[in-house]
Amino acid sequence: MELADWLLRASTSAAAQRRNRPGRDMEPASLQEELLCAVCRDVFVEPVTLPCGHNYCEACVQQLRRSAAVPPDSAKRRRAYYPCPLCLAPCEATIELRKNVALRNIVQKCSVARPGDVPCSVCKGRQRPPAERSCVTCGESYCALHVMPHSENEFFRQHVLVRPTRDTGRLCEEHGKDLELFCATDGTPLCAYCMLPGESRHLGGHDVVKLSEAAHVVKEGCLAKLENVEESLSEIGACLLKLEEVASLTEENIKKQQQGYTGFLSKIKLLLDIEEEAWRKRFSVEMVQESRRIKYRVEKLKVFQGQLQEAGAALEKALVVQDPVTLLKLLKNADWNDLYQREFCSSKIQETMESVGIPSTASKRQTPLFMALQKAFAAEEIKLDPRTAHPHLKISKDYTAVCATREKHTEGLNTERFRGSYCVLGTAAFSRGVHYWEVTVRDLPSWALGITYRSITRDPPGCWPGSDDKSWALSYSGSRRQFCAQHDWLAFSFGASRAPERIGLFLDCDSGILAFYDAHALECLYPFYCSLKLPVYPVFCPQLEGAAEFVTAEMRVERPAFL
């Protein structure tokens with residue numbers, strides 16, 4: 001098999017495609033066409049010459065070499081060949097081709113732009129040929145070759161072609177003429193042709209002025225708006241300093257309170273050990289809450305500050321811009337309109353700074369000193385409220401015990417009953433003073449106890465004690481052998497060394513302390529700091545929803561005579 005025949009068949013498909021392209025095998029119509037590579041169809045870049053005499057870009061030849069193959073009749077010689085894209089003559093891939101210096105010089109001389117020429121936006125290389133026309137619609141400039149699609153393709157015939165220019169943004173997109181007027185009604189720059197009776201949409205009732213006059217008016221507005229922005233930025237700076245000062249004083253104030261109460265409560269044993277832990281948590285929660293509030297205000301002000309700085313920078317830039325078109329485009333941002341109004345900025349700042357100050361100190365809600373431990377732990381007589389019990393709960397006749405049942409109790413159904421979790425409220429409401437009660441949970445594999453506002457949600461979801469900001473609860477899971485203390489977003493789980501039999505609940509409404517005890521071991525399980533705003537009710541749940549087994553053991557409220 002002849003080498004030329006093998007190469008001819010290997011490139012038949014590619015050659016057929018090239019023959020079908022318009023102008024590919026046609027005689028060049030101009031010198032510029034002669035300076036185009038037949039592979040990339042662009043101006044020669046570092047041209048080299050093949051043995052057959054045809055010239056291509058050096059990079060294009062490298063692509064041809066990578067596709068070279070070894071023909072069957074030359075397998076022993078292991079030589080790879082690639083065909084010339086124009087004449088299909090075979091060329092050995094290992095041959096070092098010489099650069100066509102003369103052709104490269106011709107390309108460079110033909111591509112040298114005269115002073116003031118606009119280079120073609122599409123052509124490659126360091127020295128691009130000058131553009132013949134600029135398209136206002138595309139915003140690009142094209143040489144004689146690349147402008148041809150605008151005259152041949154129906155899609156581009158609506159585009160406006162003008163003499164080569166570097167800044168098409170200064171020309172009217174519809175007529176290709178210089179922008180000299182401005183319609184204040186539409187906010188649109190216009191050329192003189194836009195005002196002709198047959199084409200103008202800006203004659204009837206539109207305020208059309210010279211572009212320079214519109215720029216002057218805009219600059220005057222920029223000065224006034226810039227003054228408002230600077231005043232707003234100054235006010236934000238003062239507010240940020242105040243917030244930093246408030247944060248520092250708040251932290252110092254809370255730390256002083258923490259040290260005082262910690263030093264006092266550490267001298268007492270069981271009862272005040274619980275107080276100490278509760279106060280520590282209280283200060284920690286207050287610090288986190290105040291830090292979050294101040295951080296939120298600082299972040300909000302800084303975001304607003306950044307917006308104002310961005311708007312102010314645009315206004316400052318607008319004051320030095322001489323070109324009216326650039327000026328109008330620079331300030332064409334509807335999001336900045338409110339920022340230029342001093343009243344709007346001041347109201348936003350005051351809204352953020354509203355109620356900023358050092359929070360109320362803990363001394364206003366000081367814990368009264370207990371006169372005696374017996375008095376402090378005097379148990380409350382708590383009865384269960386059957387009107388609030390879940391339909392699958394059974395209340396004892398003395399209203400002190402509750403158990404879960406499989407049958408549903410439909411008598412006395414009302415809107416106060418829990419319909420999601422197996423819960424019941426106590427009848428006693430606590431708003432002041434110290435209160436203590438104990439609950440027997442022996443033989444219950446899962447349960448929950450706590451306090452709640454009367455307005456706790458009865459329907460799922462959100463009716464579980466401790467799952468919202470209206471309740472505080474401690475639950476126990478025997479299968480996991482762990483407790484879970486929960487209030488709103490706070491949920492803390494910890495292991496249980498043994499199954500508790502009796503749980504004591506200590507509530508100090510004045511200081512907002514709720515502590516859970518193992519009443520037999522006299523061990524504090526978990527203390528809450530509660531910011532109580534309304535009377536609270538004890539809540540009891542003898543069966544956790546979704547528990548593995550259904551148990552009918554009783555949960556009973558106890559009243560010990562003495563701790």
# chains A, B, ... in the order shown; residues from 1 in each chain; ligands from 1
$ closest_atom_pairs --of "range 410-453 of chain A" --to "range 376-399 of chain A" --cutoff "9 Å" --atoms "only C-alpha atoms" --output "Markdown table"
| residue | atom | partner | partner_atom | distance |
| --- | --- | --- | --- | --- |
| A:Thr410 | CA | A:Pro391 | CA | 6.4 |
| A:Glu411 | CA | A:Pro391 | CA | 8.7 |
| A:Gly412 | CA | A:Arg387 | CA | 7.1 |
| A:Leu413 | CA | A:Arg387 | CA | 7.6 |
| A:Asn414 | CA | A:Arg387 | CA | 7.3 |
| A:Thr415 | CA | A:Thr388 | CA | 8.3 |
| A:Glu416 | CA | A:Thr388 | CA | 5.1 |
| A:Arg417 | CA | A:Thr388 | CA | 4.0 |
| A:Phe418 | CA | A:His390 | CA | 4.8 |
| A:Arg419 | CA | A:His390 | CA | 5.9 |
| A:Gly420 | CA | A:His390 | CA | 7.8 |
| A:Ser421 | CA | A:His390 | CA | 7.2 |
| A:Tyr422 | CA | A:His390 | CA | 5.4 |
| A:Cys423 | CA | A:His390 | CA | 5.8 |
| A:Val424 | CA | A:Ala389 | CA | 4.3 |
| A:Leu425 | CA | A:Asp385 | CA | 5.7 |
| A:Gly426 | CA | A:Leu384 | CA | 4.3 |
| A:Thr427 | CA | A:Asp385 | CA | 5.3 |
| A:Ala428 | CA | A:Ile382 | CA | 6.2 |
| A:Val434 | CA | A:Ala376 | CA | 6.6 |
| A:His435 | CA | A:Glu380 | CA | 6.4 |
| A:Tyr436 | CA | A:Ala379 | CA | 4.8 |
| A:Trp437 | CA | A:Ala379 | CA | 4.9 |
| A:Glu438 | CA | A:Ala379 | CA | 7.5 |
$ write_last_selection --atoms "N, CA and C atoms" --output "short mmCIF file (atom, residue, chain, number, x, y, z; two decimals), in the first residue's frame"
data_model
loop_
_atom_site.label_atom_id
_atom_site.label_comp_id
_atom_site.auth_asym_id
_atom_site.auth_seq_id
_atom_site.Cartn_x
_atom_site.Cartn_y
_atom_site.Cartn_z
N THR A 410 -62.48 9.93 76.99
CA THR A 410 -63.11 10.99 76.19
C THR A 410 -63.97 11.94 77.02
N GLU A 411 -64.19 11.61 78.32
CA GLU A 411 -65.05 12.49 79.11
C GLU A 411 -64.30 13.80 79.41
N GLY A 412 -65.06 14.87 79.33
CA GLY A 412 -64.50 16.18 79.66
C GLY A 412 -63.46 16.69 78.68
N LEU A 413 -63.56 16.29 77.41
CA LEU A 413 -62.60 16.77 76.41
C LEU A 413 -62.76 18.27 76.21
N ASN A 414 -61.65 18.98 76.18
CA ASN A 414 -61.68 20.43 75.98
C ASN A 414 -60.36 20.86 75.35
N THR A 415 -60.27 22.12 75.05
CA THR A 415 -59.09 22.65 74.35
C THR A 415 -57.86 22.73 75.24
N GLU A 416 -58.00 22.57 76.56
CA GLU A 416 -56.86 22.65 77.45
C GLU A 416 -56.08 21.35 77.52
N ARG A 417 -56.64 20.26 77.04
CA ARG A 417 -55.96 18.96 77.10
C ARG A 417 -54.77 18.93 76.13
N PHE A 418 -53.71 18.23 76.56
CA PHE A 418 -52.59 17.95 75.67
C PHE A 418 -53.03 16.88 74.67
N ARG A 419 -52.72 17.12 73.39
CA ARG A 419 -53.11 16.18 72.36
C ARG A 419 -51.91 15.57 71.64
N GLY A 420 -50.71 15.99 72.03
CA GLY A 420 -49.51 15.42 71.41
C GLY A 420 -48.72 14.60 72.39
N SER A 421 -48.17 15.23 73.43
CA SER A 421 -47.38 14.52 74.43
C SER A 421 -48.26 14.08 75.60
N TYR A 422 -47.83 13.04 76.30
CA TYR A 422 -48.58 12.48 77.43
C TYR A 422 -48.31 13.34 78.67
N CYS A 423 -48.92 14.51 78.73
CA CYS A 423 -48.63 15.48 79.79
C CYS A 423 -49.90 15.88 80.53
N VAL A 424 -49.68 16.40 81.76
CA VAL A 424 -50.74 16.98 82.56
C VAL A 424 -50.12 18.08 83.40
N LEU A 425 -50.85 19.17 83.63
CA LEU A 425 -50.37 20.28 84.43
C LEU A 425 -50.85 20.14 85.87
N GLY A 426 -50.13 20.81 86.79
CA GLY A 426 -50.58 20.91 88.16
C GLY A 426 -51.52 22.10 88.30
N THR A 427 -52.29 22.10 89.37
CA THR A 427 -53.25 23.19 89.58
C THR A 427 -52.59 24.43 90.17
N ALA A 428 -51.45 24.27 90.84
CA ALA A 428 -50.79 25.40 91.50
C ALA A 428 -50.04 26.25 90.49
N VAL A 434 -40.29 30.76 97.16
CA VAL A 434 -39.54 29.52 96.99
C VAL A 434 -40.50 28.35 97.12
N HIS A 435 -40.34 27.36 96.23
CA HIS A 435 -41.27 26.23 96.20
C HIS A 435 -40.47 24.94 95.97
N TYR A 436 -40.98 23.86 96.57
CA TYR A 436 -40.29 22.58 96.44
C TYR A 436 -41.34 21.46 96.43
N TRP A 437 -41.14 20.52 95.54
CA TRP A 437 -42.01 19.33 95.51
C TRP A 437 -41.21 18.15 94.98
N GLU A 438 -41.67 16.98 95.32
CA GLU A 438 -41.00 15.75 94.90
C GLU A 438 -41.98 14.87 94.13
#
$ closest_atom_pairs --of "range 213-298 of chain A" --to "range 510-529 of chain A" --cutoff "8 Å" --atoms "only C-alpha atoms" --output "JSON lines"
{"residue": "A:Ile274", "atom": "CA", "partner": "A:Cys524", "partner_atom": "CA", "distance": 6.9}
{"residue": "A:Glu275", "atom": "CA", "partner": "A:Ile513", "partner_atom": "CA", "distance": 7.5}
{"residue": "A:Glu277", "atom": "CA", "partner": "A:Pro527", "partner_atom": "CA", "distance": 6.9}
{"residue": "A:Ala278", "atom": "CA", "partner": "A:Pro527", "partner_atom": "CA", "distance": 5.5}
{"residue": "A:Trp279", "atom": "CA", "partner": "A:Tyr529", "partner_atom": "CA", "distance": 7.3}
{"residue": "A:Lys281", "atom": "CA", "partner": "A:Tyr529", "partner_atom": "CA", "distance": 6.6}
{"residue": "A:Arg282", "atom": "CA", "partner": "A:Tyr529", "partner_atom": "CA", "distance": 5.3}
$ atom_distance --atom1 "CA of Leu103 in chain A" --atom2 "CA of Val147 in chain A"
24.3 Å
$ select_by_dssp --residues "range 295-501 of chain A" --states "helix (DSSP H, G or I)" --output "PyMOL selection string"
chain A and resi 295-320+324-330+334-336+338-340+342-353+362-365+373-376+386-388
$ write_last_selection --atoms "C-alpha atoms" --output "mmCIF file, in the first residue's frame"
data_model
loop_
_atom_site.group_PDB
_atom_site.id
_atom_site.type_symbol
_atom_site.label_atom_id
_atom_site.label_comp_id
_atom_site.auth_asym_id
_atom_site.auth_seq_id
_atom_site.Cartn_x
_atom_site.Cartn_y
_atom_site.Cartn_z
ATOM 1 C CA LYS A 295 -22.943 41.598 68.065
ATOM 2 C CA TYR A 296 -26.166 41.567 66.055
ATOM 3 C CA ARG A 297 -26.442 45.380 66.309
ATOM 4 C CA VAL A 298 -22.760 45.850 65.426
ATOM 5 C CA GLU A 299 -23.041 43.568 62.402
ATOM 6 C CA LYS A 300 -26.232 45.291 61.297
ATOM 7 C CA LEU A 301 -24.619 48.734 61.592
ATOM 8 C CA LYS A 302 -21.460 47.571 59.817
ATOM 9 C CA VAL A 303 -23.488 46.201 56.918
ATOM 10 C CA PHE A 304 -25.343 49.519 56.696
ATOM 11 C CA GLN A 305 -22.004 51.324 57.033
ATOM 12 C CA GLY A 306 -20.596 49.340 54.125
ATOM 13 C CA GLN A 307 -23.617 50.240 51.983
ATOM 14 C CA LEU A 308 -23.214 53.914 52.820
ATOM 15 C CA GLN A 309 -19.466 53.792 52.129
ATOM 16 C CA GLU A 310 -20.126 52.178 48.779
ATOM 17 C CA ALA A 311 -22.722 54.823 47.926
ATOM 18 C CA GLY A 312 -20.408 57.576 49.195
ATOM 19 C CA ALA A 313 -17.502 56.260 47.137
ATOM 20 C CA ALA A 314 -19.704 56.283 44.046
ATOM 21 C CA LEU A 315 -20.727 59.869 44.729
ATOM 22 C CA GLU A 316 -17.115 60.957 45.265
ATOM 23 C CA LYS A 317 -16.122 59.243 42.062
ATOM 24 C CA ALA A 318 -19.006 60.913 40.268
ATOM 25 C CA LEU A 319 -17.736 64.344 41.321
ATOM 26 C CA VAL A 320 -14.479 63.854 39.448
ATOM 27 C CA PRO A 324 -21.503 62.626 31.239
ATOM 28 C CA VAL A 325 -22.273 59.132 29.997
ATOM 29 C CA THR A 326 -19.933 57.482 32.473
ATOM 30 C CA LEU A 327 -21.345 59.688 35.211
ATOM 31 C CA LEU A 328 -24.939 58.697 34.533
ATOM 32 C CA LYS A 329 -24.086 55.010 34.311
ATOM 33 C CA LEU A 330 -22.083 55.190 37.541
ATOM 34 C CA ALA A 334 -31.845 52.169 42.457
ATOM 35 C CA ASP A 335 -30.635 50.510 45.681
ATOM 36 C CA TRP A 336 -28.831 53.694 46.695
ATOM 37 C CA ASP A 338 -32.845 55.508 50.167
ATOM 38 C CA LEU A 339 -29.229 55.777 51.351
ATOM 39 C CA TYR A 340 -29.040 59.329 50.025
ATOM 40 C CA ARG A 342 -30.656 61.593 55.723
ATOM 41 C CA GLU A 343 -33.984 60.858 57.407
ATOM 42 C CA PHE A 344 -33.982 57.245 56.166
ATOM 43 C CA CYS A 345 -30.419 56.626 57.350
ATOM 44 C CA SER A 346 -31.065 58.216 60.728
ATOM 45 C CA SER A 347 -34.201 56.134 61.277
ATOM 46 C CA LYS A 348 -32.320 52.935 60.373
ATOM 47 C CA ILE A 349 -29.555 53.808 62.813
ATOM 48 C CA GLN A 350 -31.950 54.734 65.599
ATOM 49 C CA GLU A 351 -33.897 51.532 64.996
ATOM 50 C CA THR A 352 -30.689 49.535 65.496
ATOM 51 C CA MET A 353 -29.663 51.527 68.583
ATOM 52 C CA ALA A 362 -29.068 40.770 88.980
ATOM 53 C CA SER A 363 -29.415 42.656 92.262
ATOM 54 C CA LYS A 364 -32.880 43.731 91.249
ATOM 55 C CA ARG A 365 -33.893 40.060 91.300
ATOM 56 C CA LEU A 373 -33.266 24.906 105.208
ATOM 57 C CA GLN A 374 -36.450 23.284 106.498
ATOM 58 C CA LYS A 375 -38.491 26.313 105.506
ATOM 59 C CA ALA A 376 -36.789 26.489 102.130
ATOM 60 C CA PRO A 386 -57.489 16.561 84.953
ATOM 61 C CA ARG A 387 -58.775 19.209 82.522
ATOM 62 C CA THR A 388 -55.286 19.384 80.997
#
